[in-house]
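To keep things clear, I will list the structure first and then write my remarks on it.
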Amino acid sequence: MKPWSTSTENELRHLLNEWDPIGLADDLVQDEYDCMLAPLLGLLCRGAGQTEIGEFLRHELEDHFGLNPLGLRPDAMAARVIAWWTSVGLADGAAGA
C-alpha cells in the first residue's frame, strides 16, 4: 500500500503538468509525467531535500525524456515541490491514505 493518497498524487500531477517541461500536458494529456509520481512521492516521504529532488528531476529530464535540463529549471521545480509538500502538511510524514 502506498503511504500517500490519491489526492496527493493528483496534486503532484497538477504541479508537474504546470511545469510541463516537454510541453505536452494539456486537457487531453494529463498523465505524461505520471512516471515521476511514485518516485517523487517516495523521495518526499523519506525526507529528501531540494537538492535530491532536483537531481531526480534533472536525471528524469535527461535520461527518461531525452531533454537538456538547461532552461527547464529542475532546481526551481524541486523547490516548488518541497514547498507544496510542506504546505499541505506532508513533510512531517502525515501523508494519509
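FYI, nothing fancy with the C-alpha cells labels: chains A, B, ... in order, residues from 1 per chain, ligands from 1 as they appear.
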So which residues touch Met77 in chain A within 10 Å, counting only C-alpha atoms, skipping near sequence neighbours fewer than 5 positions away, as a compact mmCIF listing (two decimals) with N, CA and C atoms, in the first residue's frame?
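Saved as result38.txt:
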# COMPACT_ATOMS: atom_id res chain seq x y z
N LEU A 15 1.04 19.84 -10.30
CA LEU A 15 2.29 20.62 -10.28
C LEU A 15 3.19 20.26 -11.46
N LEU A 16 3.35 18.97 -11.71
CA LEU A 16 4.19 18.54 -12.82
C LEU A 16 3.61 18.99 -14.16
N TRP A 19 4.39 22.61 -14.68
CA TRP A 19 5.80 22.75 -15.08
C TRP A 19 5.94 22.36 -16.55
N GLN A 50 15.61 19.54 -1.27
CA GLN A 50 15.54 20.18 -2.57
C GLN A 50 16.64 19.69 -3.51
N ILE A 53 15.74 16.13 -4.75
CA ILE A 53 14.60 16.20 -5.66
C ILE A 53 15.04 16.81 -6.99
N GLY A 54 15.84 17.86 -6.94
CA GLY A 54 16.34 18.49 -8.16
C GLY A 54 17.18 17.54 -8.99
N LEU A 57 14.83 15.11 -10.72
CA LEU A 57 14.16 15.74 -11.86
C LEU A 57 15.13 15.92 -13.03
N LEU A 72 15.12 24.38 -18.19
CA LEU A 72 13.89 23.77 -17.68
C LEU A 72 13.77 23.92 -16.16
N ILE A 82 8.93 20.85 -2.89
CA ILE A 82 9.18 20.84 -1.45
C ILE A 82 8.23 21.81 -0.74
N ALA A 83 8.03 22.99 -1.31
CA ALA A 83 7.12 23.97 -0.70
C ALA A 83 5.70 23.43 -0.65
Excluding range 28-41 of chain A and any residue of its chain fewer than 4 positions from it, enumerate the residues within 12 Å of it, using only C-alpha atoms, and give them as a PDB file with C-alpha atoms, in the first residue's frame.
ATOM      1  CA  MET A   1       0.000   0.000   0.000  1.00  0.00           C
ATOM      2  CA  LYS A   2       1.222   3.489  -0.865  1.00  0.00           C
ATOM      3  CA  PRO A   3       1.981   5.805   2.048  1.00  0.00           C
ATOM      4  CA  TRP A   4       0.165   8.661   0.257  1.00  0.00           C
ATOM      5  CA  SER A   5      -3.343   9.279  -1.006  1.00  0.00           C
ATOM      6  CA  THR A   6      -4.802   9.553  -4.486  1.00  0.00           C
ATOM      7  CA  SER A   7      -5.471  13.237  -3.841  1.00  0.00           C
ATOM      8  CA  THR A   8      -1.782  13.691  -3.019  1.00  0.00           C
ATOM      9  CA  GLU A   9      -0.876  12.061  -6.344  1.00  0.00           C
ATOM     10  CA  ASN A  10      -3.357  14.315  -8.131  1.00  0.00           C
ATOM     11  CA  GLU A  11      -1.899  17.449  -6.552  1.00  0.00           C
ATOM     12  CA  LEU A  12       1.633  16.460  -7.537  1.00  0.00           C
ATOM     13  CA  ARG A  13       0.422  15.554 -11.039  1.00  0.00           C
ATOM     14  CA  HIS A  14      -1.054  19.054 -11.283  1.00  0.00           C
ATOM     15  CA  LEU A  15       2.290  20.621 -10.282  1.00  0.00           C
ATOM     16  CA  LEU A  16       4.190  18.536 -12.824  1.00  0.00           C
ATOM     17  CA  ASN A  17       1.668  19.386 -15.535  1.00  0.00           C
ATOM     18  CA  GLU A  18       2.016  23.085 -14.761  1.00  0.00           C
ATOM     19  CA  TRP A  19       5.797  22.753 -15.076  1.00  0.00           C
ATOM     20  CA  ASP A  20       5.331  20.728 -18.288  1.00  0.00           C
ATOM     21  CA  PRO A  21       8.979  20.520 -19.373  1.00  0.00           C
ATOM     22  CA  ILE A  22       8.189  18.664 -22.608  1.00  0.00           C
ATOM     23  CA  GLY A  23       5.182  20.801 -23.498  1.00  0.00           C
ATOM     24  CA  LEU A  24       2.599  18.030 -23.776  1.00  0.00           C
ATOM     25  CA  CYS A  45       8.149  10.514   2.190  1.00  0.00           C
ATOM     26  CA  ARG A  46      11.757   9.642   3.005  1.00  0.00           C
ATOM     27  CA  GLY A  47      12.521  13.293   3.707  1.00  0.00           C
ATOM     28  CA  ALA A  48      14.545  14.121   0.591  1.00  0.00           C
ATOM     29  CA  GLY A  49      15.510  17.755   0.305  1.00  0.00           C
ATOM     30  CA  GLN A  50      15.543  20.177  -2.572  1.00  0.00           C
ATOM     31  CA  GLU A  52      17.951  15.369  -4.055  1.00  0.00           C
ATOM     32  CA  ILE A  53      14.595  16.198  -5.661  1.00  0.00           C
ATOM     33  CA  GLY A  54      16.341  18.490  -8.163  1.00  0.00           C
ATOM     34  CA  GLU A  55      18.837  15.753  -9.033  1.00  0.00           C
ATOM     35  CA  PHE A  56      15.986  13.295  -9.582  1.00  0.00           C
ATOM     36  CA  LEU A  57      14.156  15.738 -11.865  1.00  0.00           C
ATOM     37  CA  ARG A  58      17.350  16.527 -13.792  1.00  0.00           C
ATOM     38  CA  HIS A  59      18.018  12.821 -14.253  1.00  0.00           C
ATOM     39  CA  GLU A  60      14.470  12.201 -15.499  1.00  0.00           C
ATOM     40  CA  LEU A  61      14.687  15.081 -17.948  1.00  0.00           C
ATOM     41  CA  HIS A  64      13.964   9.385 -19.458  1.00  0.00           C
ATOM     42  CA  PHE A  65      12.704  12.238 -21.623  1.00  0.00           C
ATOM     43  CA  MET A  77      10.682  22.856  -9.658  1.00  0.00           C
ATOM     44  CA  ALA A  78      12.271  20.937  -6.786  1.00  0.00           C
ATOM     45  CA  VAL A  81       7.593  20.533  -4.895  1.00  0.00           C
ATOM     46  CA  ILE A  82       9.183  20.843  -1.449  1.00  0.00           C
ATOM     47  CA  TRP A  84       3.923  22.176  -1.756  1.00  0.00           C
ATOM     48  CA  TRP A  85       4.793  19.096   0.328  1.00  0.00           C
ATOM     49  CA  LEU A  90       3.034  16.137   4.452  1.00  0.00           C
ATOM     50  CA  ALA A  91       6.641  16.956   5.294  1.00  0.00           C
ATOM     51  CA  GLY A  93       5.223  12.168   7.451  1.00  0.00           C
ATOM     52  CA  ALA A  95       0.733  11.547   4.081  1.00  0.00           C
TER      53      ALA A  95
END
> When DSSP works through the backbone of this structure, what residues of chain A end up as helix (DSSP H, G or I), shown as a PyMOL selection string?
Replying inline: chain A and resi 6-19+34-45+50-64+74-87
Those residues with C-alpha atoms, as a short mmCIF file (atom, residue, chain, number, x, y, z; two decimals), in the first residue's frame please?
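Contents of result-v5.cif, as written:
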data_model
loop_
_atom_site.label_atom_id
_atom_site.label_comp_id
_atom_site.auth_asym_id
_atom_site.auth_seq_id
_atom_site.Cartn_x
_atom_site.Cartn_y
_atom_site.Cartn_z
CA THR A 6 -4.80 9.55 -4.49
CA SER A 7 -5.47 13.24 -3.84
CA THR A 8 -1.78 13.69 -3.02
CA GLU A 9 -0.88 12.06 -6.34
CA ASN A 10 -3.36 14.31 -8.13
CA GLU A 11 -1.90 17.45 -6.55
CA LEU A 12 1.63 16.46 -7.54
CA ARG A 13 0.42 15.55 -11.04
CA HIS A 14 -1.05 19.05 -11.28
CA LEU A 15 2.29 20.62 -10.28
CA LEU A 16 4.19 18.54 -12.82
CA ASN A 17 1.67 19.39 -15.54
CA GLU A 18 2.02 23.09 -14.76
CA TRP A 19 5.80 22.75 -15.08
CA ASP A 34 2.93 10.01 -14.06
CA CYS A 35 6.18 8.04 -14.33
CA MET A 36 7.63 10.55 -11.85
CA LEU A 37 4.79 10.45 -9.30
CA ALA A 38 5.70 7.38 -7.24
CA PRO A 39 9.47 8.04 -7.24
CA LEU A 40 8.95 11.68 -6.24
CA LEU A 41 6.45 10.83 -3.54
CA GLY A 42 8.79 8.12 -2.28
CA LEU A 43 11.63 10.62 -2.07
CA LEU A 44 9.41 13.12 -0.27
CA CYS A 45 8.15 10.51 2.19
CA GLN A 50 15.54 20.18 -2.57
CA THR A 51 18.95 19.04 -3.84
CA GLU A 52 17.95 15.37 -4.06
CA ILE A 53 14.60 16.20 -5.66
CA GLY A 54 16.34 18.49 -8.16
CA GLU A 55 18.84 15.75 -9.03
CA PHE A 56 15.99 13.30 -9.58
CA LEU A 57 14.16 15.74 -11.86
CA ARG A 58 17.35 16.53 -13.79
CA HIS A 59 18.02 12.82 -14.25
CA GLU A 60 14.47 12.20 -15.50
CA LEU A 61 14.69 15.08 -17.95
CA GLU A 62 17.97 13.83 -19.37
CA ASP A 63 17.69 10.06 -19.20
CA HIS A 64 13.96 9.38 -19.46
CA PRO A 74 14.64 21.39 -12.30
CA ASP A 75 16.02 23.05 -9.14
CA ALA A 76 13.23 25.62 -9.17
CA MET A 77 10.68 22.86 -9.66
CA ALA A 78 12.27 20.94 -6.79
CA ALA A 79 11.82 23.99 -4.56
CA ARG A 80 8.18 24.22 -5.64
CA VAL A 81 7.59 20.53 -4.90
CA ILE A 82 9.18 20.84 -1.45
CA ALA A 83 7.12 23.97 -0.70
CA TRP A 84 3.92 22.18 -1.76
CA TRP A 85 4.79 19.10 0.33
CA THR A 86 5.41 21.29 3.36
CA SER A 87 2.34 23.49 2.82
#
